[in-house]
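Everything below belongs to data-v4.txt, which stores compact mmCIF, C-alpha atoms.
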```txt
# COMPACT_ATOMS: atom_id res chain seq x y z
CA MET W 1 51.27 9.89 91.37
CA MET W 2 49.79 6.94 93.23
CA ARG W 3 52.22 4.27 94.45
CA LEU W 4 50.67 0.89 95.19
CA LYS W 5 51.49 -2.01 97.48
CA VAL W 6 52.32 -5.12 95.44
CA PRO W 7 54.21 -7.51 97.74
CA ASN W 8 56.68 -9.66 95.77
CA GLY W 9 55.43 -7.96 92.59
CA LEU W 10 52.54 -10.42 92.31
CA LEU W 11 50.05 -9.25 89.69
CA THR W 12 47.46 -10.89 87.47
CA SER W 13 46.29 -10.06 83.97
CA ASP W 14 43.17 -8.53 85.54
CA HIS W 15 45.33 -6.19 87.61
CA MET W 16 47.25 -5.05 84.53
CA ARG W 17 44.06 -4.49 82.52
CA PHE W 18 42.67 -2.44 85.39
CA PHE W 19 45.81 -0.27 85.49
CA ALA W 20 45.65 0.22 81.72
CA ASP W 21 41.96 1.16 81.84
CA THR W 22 42.65 3.57 84.72
CA VAL W 23 45.34 5.59 82.92
CA GLY W 24 43.85 5.05 79.46
CA ILE W 25 41.24 7.77 79.92
CA TYR W 26 44.00 10.40 79.97
CA PRO W 27 46.30 11.60 77.16
CA ALA W 28 49.19 9.22 76.49
CA ASP W 29 51.74 11.70 77.86
CA VAL W 30 49.75 12.13 81.10
CA GLY W 31 48.41 8.73 82.13
CA VAL W 32 51.46 6.55 82.74
CA ILE W 33 52.15 3.21 84.47
CA ASP W 34 55.59 2.82 86.08
CA ILE W 35 57.06 -0.57 86.97
CA THR W 36 59.57 0.17 89.72
CA THR W 37 62.79 -1.43 90.90
CA ARG W 38 60.96 -2.60 94.04
CA GLN W 39 58.55 -4.75 91.99
CA ASN W 40 55.87 -2.13 92.42
CA ILE W 41 53.41 -0.14 90.30
CA GLN W 42 53.02 3.64 90.20
CA LEU W 43 50.10 5.25 88.40
CA ARG W 44 50.75 8.77 87.15
CA GLY W 45 48.46 11.50 85.91
CA ILE W 46 45.36 10.38 87.84
CA GLU W 47 43.03 13.28 88.58
CA LEU W 48 41.49 13.73 92.02
CA GLN W 49 37.89 13.16 90.90
CA ASP W 50 38.85 9.68 89.66
CA MET W 51 40.58 8.55 92.85
CA THR W 52 37.55 7.03 94.58
CA GLU W 53 36.85 4.66 91.70
CA LEU W 54 40.55 3.76 91.52
CA ILE W 55 40.85 3.00 95.23
CA ASP W 56 37.65 0.95 95.19
CA GLY W 57 38.95 -0.99 92.18
CA LEU W 58 42.22 -1.74 93.92
CA GLN W 59 40.46 -3.05 97.01
CA MET W 60 38.17 -5.25 94.91
CA ARG W 61 41.32 -6.82 93.43
CA GLY W 62 43.15 -7.35 96.71
CA LEU W 63 45.52 -4.39 96.27
CA SER W 64 45.94 -1.07 98.03
CA ASN W 65 48.00 2.10 98.12
CA VAL W 66 48.07 2.25 101.93
CA GLN W 67 51.30 3.51 103.54
CA SER W 68 53.24 3.38 100.29
CA GLY W 69 55.19 6.64 100.50
CA MET W 70 56.89 9.12 102.82
CA ASP W 71 58.33 7.63 106.05
CA ASN W 72 56.75 4.23 105.65
CA ILE W 73 57.84 0.72 104.75
CA ARG W 74 58.16 0.54 100.99
CA ASN W 75 57.05 -2.34 98.79
CA LEU W 76 58.09 -5.84 99.92
CA VAL W 77 60.59 -7.32 97.47
CA GLY W 78 60.87 -11.07 96.93
CA SER W 79 62.20 -13.43 94.29
CA PRO W 80 60.93 -12.42 90.82
CA ILE W 81 60.72 -16.11 89.85
CA ALA W 82 59.24 -17.37 93.11
CA GLY W 83 57.37 -20.61 92.67
CA ILE W 84 58.97 -21.50 89.33
CA ASP W 85 62.65 -21.34 90.27
CA PRO W 86 64.18 -24.84 89.99
CA GLU W 87 66.88 -23.83 92.51
CA GLU W 88 64.49 -22.19 94.95
CA LEU W 89 65.12 -22.70 98.66
CA VAL W 90 62.11 -20.70 99.88
CA ASP W 91 59.01 -19.53 98.01
CA THR W 92 58.97 -15.86 99.01
CA ARG W 93 55.43 -15.04 97.88
CA ASP W 94 53.43 -15.89 101.00
CA ILE W 95 56.16 -14.55 103.29
CA ALA W 96 56.14 -11.19 101.50
CA LYS W 97 52.34 -11.12 101.68
CA ASP W 98 52.39 -11.89 105.42
CA ILE W 99 54.88 -9.11 106.15
CA ASP W 100 52.89 -6.66 104.04
CA ALA W 101 49.64 -7.65 105.80
CA MET W 102 51.31 -6.94 109.16
CA ILE W 103 52.58 -3.57 107.95
CA THR W 104 49.31 -2.35 106.42
CA ASN W 105 46.81 -4.16 108.68
CA ASP W 106 45.60 -6.15 105.67
CA GLY W 107 45.38 -3.01 103.56
CA LYS W 108 43.18 -1.12 106.03
CA GLY W 109 45.99 1.05 107.43
CA ASN W 110 48.23 0.63 110.45
CA PRO W 111 48.73 3.88 112.42
CA LYS W 112 51.40 2.39 114.70
CA LEU W 113 53.73 1.96 111.71
CA ALA W 114 52.75 5.14 109.82
CA ASN W 115 55.28 7.48 111.44
CA LEU W 116 58.73 5.97 111.21
CA PRO W 117 61.83 8.17 111.50
CA ARG W 118 62.58 7.47 107.83
CA LYS W 119 61.51 5.18 105.00
CA PHE W 120 62.29 1.49 105.40
CA ASN W 121 63.01 -1.30 102.91
CA ILE W 122 62.58 -5.06 103.40
CA ALA W 123 63.54 -7.84 100.99
CA VAL W 124 63.15 -11.63 101.15
CA SER W 125 65.46 -13.80 99.08
CA GLY W 126 64.43 -17.23 97.81
CA SER W 127 67.72 -18.67 96.60
CA ARG W 128 71.48 -18.37 96.70
CA ASP W 129 71.33 -15.97 93.75
CA ASP W 130 69.64 -13.35 95.95
CA PHE W 131 67.58 -11.91 93.11
CA ALA W 132 65.79 -9.77 95.73
CA HIS W 133 69.04 -7.86 96.46
CA THR W 134 68.76 -8.16 100.22
CA SER W 135 72.12 -6.45 100.73
CA ILE W 136 70.70 -3.00 99.92
CA ASN W 137 67.70 -3.22 102.26
CA ASP W 138 67.17 -2.21 105.88
CA ILE W 139 66.14 -5.80 106.60
CA GLY W 140 67.25 -8.63 104.35
CA LEU W 141 66.18 -12.24 104.85
CA ARG W 142 68.46 -14.83 103.26
CA PRO W 143 67.37 -18.48 103.14
CA CYS W 144 69.44 -20.96 105.12
CA PRO W 145 68.57 -24.29 106.78
CA ASN W 146 68.90 -24.77 110.52
CA LYS W 147 71.99 -26.92 111.03
CA GLU W 148 70.27 -29.07 113.70
CA SER W 149 66.75 -29.56 112.39
CA GLY W 150 67.23 -28.88 108.69
CA GLU W 151 64.24 -26.52 108.82
CA MET W 152 64.52 -23.78 106.22
CA GLY W 153 64.55 -20.28 107.67
CA PHE W 154 66.49 -17.06 107.21
CA ASN W 155 69.75 -15.53 108.28
CA VAL W 156 69.13 -11.82 108.86
CA ILE W 157 71.17 -8.96 107.47
CA VAL W 158 70.40 -5.32 108.26
CA GLY W 159 71.30 -1.73 107.50
CA GLY W 160 71.70 -1.58 103.73
CA TYR W 161 70.69 1.54 101.78
CA PHE W 162 71.57 4.13 99.15
CA SER W 163 71.46 7.88 99.71
CA ILE W 164 73.36 11.04 98.80
CA LYS W 165 74.97 10.75 102.25
CA ARG W 166 76.38 7.26 101.89
CA VAL W 167 76.02 3.86 100.25
CA MET W 168 75.88 1.01 102.75
CA GLU W 169 75.79 -2.73 102.21
CA SER W 170 73.82 -4.70 104.78
CA ILE W 171 75.72 -6.36 107.60
CA PRO W 172 75.02 -9.72 109.27
CA MET W 173 72.93 -9.54 112.44
CA ASP W 174 73.94 -13.02 113.61
CA ILE W 175 70.30 -14.05 113.97
CA TRP W 176 68.42 -16.91 112.30
CA ILE W 177 64.63 -16.91 112.27
CA LYS W 178 62.04 -19.44 111.25
CA ALA W 179 60.16 -18.62 108.04
CA GLU W 180 56.89 -18.61 109.99
CA ASP W 181 58.27 -15.89 112.27
CA ALA W 182 59.43 -13.50 109.54
CA ALA W 183 56.53 -11.04 109.91
CA ARG W 184 56.83 -11.06 113.71
CA PHE W 185 60.55 -10.38 113.55
CA CYS W 186 60.09 -7.51 111.09
CA GLU W 187 57.39 -6.00 113.30
CA ALA W 188 59.70 -6.07 116.32
CA VAL W 189 62.48 -4.32 114.38
CA LEU W 190 60.08 -1.74 112.94
CA LEU W 191 58.58 -0.81 116.31
CA TYR W 192 62.00 -0.56 117.92
CA PHE W 193 63.16 1.66 115.04
CA ARG W 194 60.02 3.79 115.36
CA ASP W 195 60.69 4.46 119.04
CA ASN W 196 64.48 4.77 118.98
CA GLY W 197 65.56 5.89 115.51
CA SER W 198 66.88 9.41 114.98
CA ARG W 199 64.35 12.10 114.06
CA GLY W 200 66.90 14.89 113.64
CA ASP W 201 69.05 14.94 110.50
CA ARG W 202 67.06 13.05 107.87
CA GLN W 203 70.29 12.07 106.16
CA LYS W 204 71.20 10.15 109.30
CA ALA W 205 67.82 8.66 110.11
CA ARG W 206 67.95 5.27 108.41
CA LEU W 207 68.29 2.07 110.42
CA ILE W 208 72.07 1.73 109.98
CA TRP W 209 72.70 4.92 111.95
CA LEU W 210 70.80 3.49 114.92
CA ILE W 211 72.76 0.22 114.65
CA GLU W 212 76.06 2.07 114.57
CA ASP W 213 75.07 4.20 117.56
CA MET W 214 74.17 1.11 119.61
CA GLY W 215 76.71 -1.35 118.23
CA MET W 216 75.52 -4.59 116.67
CA GLU W 217 75.63 -6.52 119.94
CA GLY W 218 73.45 -3.94 121.70
CA PHE W 219 71.05 -3.69 118.77
CA ARG W 220 70.73 -7.47 118.48
CA GLN W 221 69.94 -7.80 122.19
CA ALA W 222 67.42 -4.96 122.04
CA ILE W 223 65.58 -6.61 119.14
CA SER W 224 65.60 -10.00 120.87
CA ASP W 225 64.15 -8.40 124.01
CA LYS W 226 61.51 -6.52 121.99
CA TYR W 227 60.52 -9.72 120.19
CA ASP W 228 60.13 -11.63 123.46
CA GLU W 229 58.08 -8.77 124.93
CA MET W 230 55.73 -8.68 121.94
CA PHE W 231 55.46 -12.45 121.40
CA PRO W 232 55.93 -14.22 124.75
CA LYS W 233 54.69 -17.52 123.31
CA LYS W 234 57.53 -17.30 120.79
CA LYS W 235 60.17 -16.31 123.33
CA GLY W 236 63.69 -16.88 122.07
CA GLY W 237 62.61 -16.79 118.42
CA ALA W 238 64.90 -13.83 117.73
CA ALA W 239 67.83 -15.18 119.75
CA ILE W 240 68.92 -18.10 117.56
CA PRO W 241 72.41 -17.42 116.17
CA ALA W 242 72.87 -17.21 112.41
CA GLN W 243 73.19 -20.66 110.89
CA PRO W 244 76.23 -21.73 108.85
CA GLU W 245 75.44 -21.83 105.17
CA PRO W 246 76.11 -25.37 103.89
CA TRP W 247 77.56 -23.88 100.70
CA ALA W 248 79.86 -21.39 102.47
CA VAL W 249 83.56 -21.22 101.66
CA ALA W 250 85.82 -23.88 103.13
CA ALA W 251 88.01 -22.73 105.99
CA GLY W 252 91.14 -20.95 104.84
CA THR W 253 90.06 -20.86 101.19
CA ASN W 254 87.92 -18.81 98.83
CA THR W 255 86.27 -21.91 97.40
CA PRO W 256 82.60 -22.61 98.23
CA THR W 257 82.02 -26.10 99.55
CA GLN W 258 79.07 -26.22 97.16
CA PRO W 259 80.08 -24.17 94.08
CA HIS W 260 77.36 -22.01 92.57
CA LYS W 261 77.27 -19.84 89.48
CA LYS W 262 74.90 -16.89 89.54
CA ARG W 263 72.18 -17.16 86.94
CA ASP W 264 70.89 -14.62 84.46
CA ILE W 265 67.11 -14.58 84.84
CA LEU W 266 66.30 -12.35 81.87
CA GLY W 267 64.03 -13.97 79.33
CA VAL W 268 61.04 -16.32 79.36
CA HIS W 269 60.89 -18.96 82.08
CA SER W 270 59.05 -22.26 82.11
CA GLN W 271 55.68 -21.76 83.74
CA VAL W 272 53.68 -24.01 86.01
CA ILE W 273 50.09 -24.75 85.06
CA GLY W 274 48.03 -22.08 86.78
CA SER W 275 44.62 -20.48 86.82
CA GLY W 276 45.07 -18.56 83.58
CA ASP W 277 45.49 -15.25 85.38
```

Could you render the structure as structure tokens?
Amino acid sequence: MMRLKVPNGLLTSDHMRFFADTVGIYPADVGVIDITTRQNIQLRGIELQDMTELIDGLQMRGLSNVQSGMDNIRNLVGSPIAGIDPEELVDTRDIAKDIDAMITNDGKGNPKLANLPRKFNIAVSGSRDDFAHTSINDIGLRPCPNKESGEMGFNVIVGGYFSIKRVMESIPMDIWIKAEDAARFCEAVLLYFRDNGSRGDRQKARLIWLIEDMGMEGFRQAISDKYDEMFPKKKGGAAIPAQPEPWAVAAGTNTPTQPHKKRDILGVHSQVIGSGD
């Protein structure tokens, strides 16, 4: 099986035809295309002698399979209706691409992030609906405006995951980052996790175990320090407290100040005029 990298699940008709042609040379019960819950593609049944042509074809189309399995960062999840969501706060597509480019060195491979203590999931949400399900990811970015400037950025939540050991919902980190700094922030967290995460019991090697060992205050300070060390020109970029959500519940009540009903996104959505891809 070959797992790809498809940040935010962005594919064109040419990509899909290429996948179909790739598996179509095998029997129907052998050559299979999976669409995964992380907006990714897995190609099954590919024989070794056909791999070179497949990898070349992926690169020609701006895709890769670099660092897509084992103890690596898995596919970047974003809003499935990014760019066409009428209630969108942030278009997650370019942000997901930027984070993926940092992780994979633009698809060429990034050795410094190829040996994490355990796999790692990142999701970027584009609206209040949180279609990206940030709460079950190691890093979740939730859109929220800065209360002073009005600039749209992200409140950060961390530590979510599923395993046979436990099921953990992400917890607030009390950090707000600018959208332009999302990839830098993720890189700082990843490198700190690489150097300090547990490499003993694999059932206790995800990010949340490190956070619980350090305490959130200690972890938050360590990430802020790591960010400043890596990006001195952006010093303080990972030290801005989480911003209050304008739609949050009113004090002493369970009523949002800006009521919102979660939407069902199944079905056909209105499309913007595009390139025909």

Report as a tab-separated table: every residue of stretch 143-164 of chain W with an atom at most 10 Å from stretch 180-196 of chain W, its closest pair of atoms, and their distance in Å to one decimal, counting all atoms listed in the file, with rows sorted by chain and ascending residue number.
```
residue	atom	partner	partner_atom	distance
W:Met152	CA	W:Glu180	CA	10.0
W:Gly153	CA	W:Glu180	CA	8.2
W:Phe154	CA	W:Ala182	CA	8.2
W:Val156	CA	W:Ala182	CA	9.9
```

> To one decimal place, how far is atom CA of W:Asn75 from atom CA of W:Ala132 in Å?
Replying inline: 11.9 Å

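You can rank W:Val77, W:Pro111, W:Asn121, W:Arg61 by their closest distance to W:Ser13 using all atoms listed in the file, and at the top of that list sits W:Arg61.
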
> Could you state the separation of atom CA of W:Gly69 and atom CA of W:Asp91 in Å, given to one decimal place?
Replying inline: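 Separation between atom CA of W:Gly69 and atom CA of W:Asp91: 26.6 Å.
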
> Could you work out how far atom CA of W:Arg38 lies from atom CA of W:Leu54, giving the answer in Å with one decimal?
Replying inline: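 Going from atom CA of W:Leu54 over to atom CA of W:Arg38, I get 21.5 Å.
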
>> Every residue with an atom at most 12 Å from (64.0, -18.2, 115.7) (file coordinates; only C-alpha atoms) is what I'm after, so could you write them as a ChimeraX atom specification?
In response: /W:145-146,151-156,174-185,224,227-228,231,234-243

Any chance you could export the current selection's C-alpha atoms as a CSV table (one decimal), keeping the file's coordinate frame?
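The resulting file, out26.csv, is reproduced below:
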```
chain,number,residue,atom,x,y,z
W,145,PRO,CA,68.6,-24.3,106.8
W,146,ASN,CA,68.9,-24.8,110.5
W,151,GLU,CA,64.2,-26.5,108.8
W,152,MET,CA,64.5,-23.8,106.2
W,153,GLY,CA,64.6,-20.3,107.7
W,154,PHE,CA,66.5,-17.1,107.2
W,155,ASN,CA,69.8,-15.5,108.3
W,156,VAL,CA,69.1,-11.8,108.9
W,174,ASP,CA,73.9,-13.0,113.6
W,175,ILE,CA,70.3,-14.0,114.0
W,176,TRP,CA,68.4,-16.9,112.3
W,177,ILE,CA,64.6,-16.9,112.3
W,178,LYS,CA,62.0,-19.4,111.2
W,179,ALA,CA,60.2,-18.6,108.0
W,180,GLU,CA,56.9,-18.6,110.0
W,181,ASP,CA,58.3,-15.9,112.3
W,182,ALA,CA,59.4,-13.5,109.5
W,183,ALA,CA,56.5,-11.0,109.9
W,184,ARG,CA,56.8,-11.1,113.7
W,185,PHE,CA,60.6,-10.4,113.6
W,224,SER,CA,65.6,-10.0,120.9
W,227,TYR,CA,60.5,-9.7,120.2
W,228,ASP,CA,60.1,-11.6,123.5
W,231,PHE,CA,55.5,-12.4,121.4
W,234,LYS,CA,57.5,-17.3,120.8
W,235,LYS,CA,60.2,-16.3,123.3
W,236,GLY,CA,63.7,-16.9,122.1
W,237,GLY,CA,62.6,-16.8,118.4
W,238,ALA,CA,64.9,-13.8,117.7
W,239,ALA,CA,67.8,-15.2,119.8
W,240,ILE,CA,68.9,-18.1,117.6
W,241,PRO,CA,72.4,-17.4,116.2
W,242,ALA,CA,72.9,-17.2,112.4
W,243,GLN,CA,73.2,-20.7,110.9
```

>> Using all atoms listed in the file, which protein or nucleic acid residues come within 12 Å of W:Ile171? Drop anything in the same chain fewer than 2 positions from it, and give the result as a VMD selection string.
In response: chain W and resid 134 to 142 155 to 161 168 to 169 173 to 175 207 to 208 211 to 212 215 to 216

For W:Gly83, work out the shell of residues within 9 Å, counting only C-alpha atoms and skipping chain neighbours fewer than 4 positions away, then give it as a CSV table (one decimal) with C-alpha atoms, keeping the file's coordinate frame.
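Result written to part00.csv:
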```csv
chain,number,residue,atom,x,y,z
W,79,SER,CA,62.2,-13.4,94.3
W,88,GLU,CA,64.5,-22.2,95.0
W,90,VAL,CA,62.1,-20.7,99.9
W,91,ASP,CA,59.0,-19.5,98.0
W,92,THR,CA,59.0,-15.9,99.0
W,93,ARG,CA,55.4,-15.0,97.9
W,272,VAL,CA,53.7,-24.0,86.0
```

Around stretch 44-62 of chain W, fit a box with edges along x, y and z, padding it by 4 Å on each side, then list its centre and edge lengths in Å to one decimal as JSON.
```
{"center_x": 43.8, "center_y": 3.2, "center_z": 91.5, "size_x": 21.9, "size_y": 29.1, "size_z": 19.1}
```

>> What's around W:Asp71 at 8 Å? Count only C-alpha atoms, leave out sequence neighbours fewer than 6 positions away in its own chain, and write the answer as a list of chain:residue names.
In response: W:Ala114, W:Asn115, W:Leu116, W:Pro117, W:Arg118, W:Lys119, W:Phe120

Export of prior selection with C-alpha atoms as an mmCIF file, keeping the file's coordinate frame:
```
data_model
loop_
_atom_site.group_PDB
_atom_site.id
_atom_site.type_symbol
_atom_site.label_atom_id
_atom_site.label_comp_id
_atom_site.auth_asym_id
_atom_site.auth_seq_id
_atom_site.Cartn_x
_atom_site.Cartn_y
_atom_site.Cartn_z
ATOM 1 C CA ALA W 114 52.750 5.140 109.820
ATOM 2 C CA ASN W 115 55.280 7.480 111.440
ATOM 3 C CA LEU W 116 58.730 5.970 111.210
ATOM 4 C CA PRO W 117 61.830 8.170 111.500
ATOM 5 C CA ARG W 118 62.580 7.470 107.830
ATOM 6 C CA LYS W 119 61.510 5.180 105.000
ATOM 7 C CA PHE W 120 62.290 1.490 105.400
#
```

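Distances from W:Pro232, W:Pro246, W:Pro7, W:Pro27 to W:Glu47 were compared using all atoms listed in the file, and the smallest one belongs to W:Pro27.
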
>> Taking (40.2, 12.5, 90.8) in the coordinates of the supplied file, I want to know which residues reach to within 12 Å of it, counting only C-alpha atoms; could you give the answer as a VMD selection string?
In response: chain W and resid 1 to 2 22 to 23 25 to 26 44 to 55

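Counting all atoms listed in the file, the residue from W:Leu10, W:Asp21, W:Gly62, W:Lys165 that sits nearest to W:Asn40 is W:Leu10.
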
> Using all atoms listed in the file, which residue out of W:Ile35, W:Met60, W:Ile81, W:Val6 lies closest to W:Ala96?
Replying inline: W:Val6

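If you measure from each of W:Ile41, W:Ile164, W:Ala82, W:Ile95 to W:Ser64 using only C-alpha atoms, the closest one turns out to be W:Ile41.
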
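Counting all atoms listed in the file and comparing W:Ser68, W:Ser127, W:Asn8, W:Ser163, the residue that lies closest to W:Ile99 is W:Asn8.
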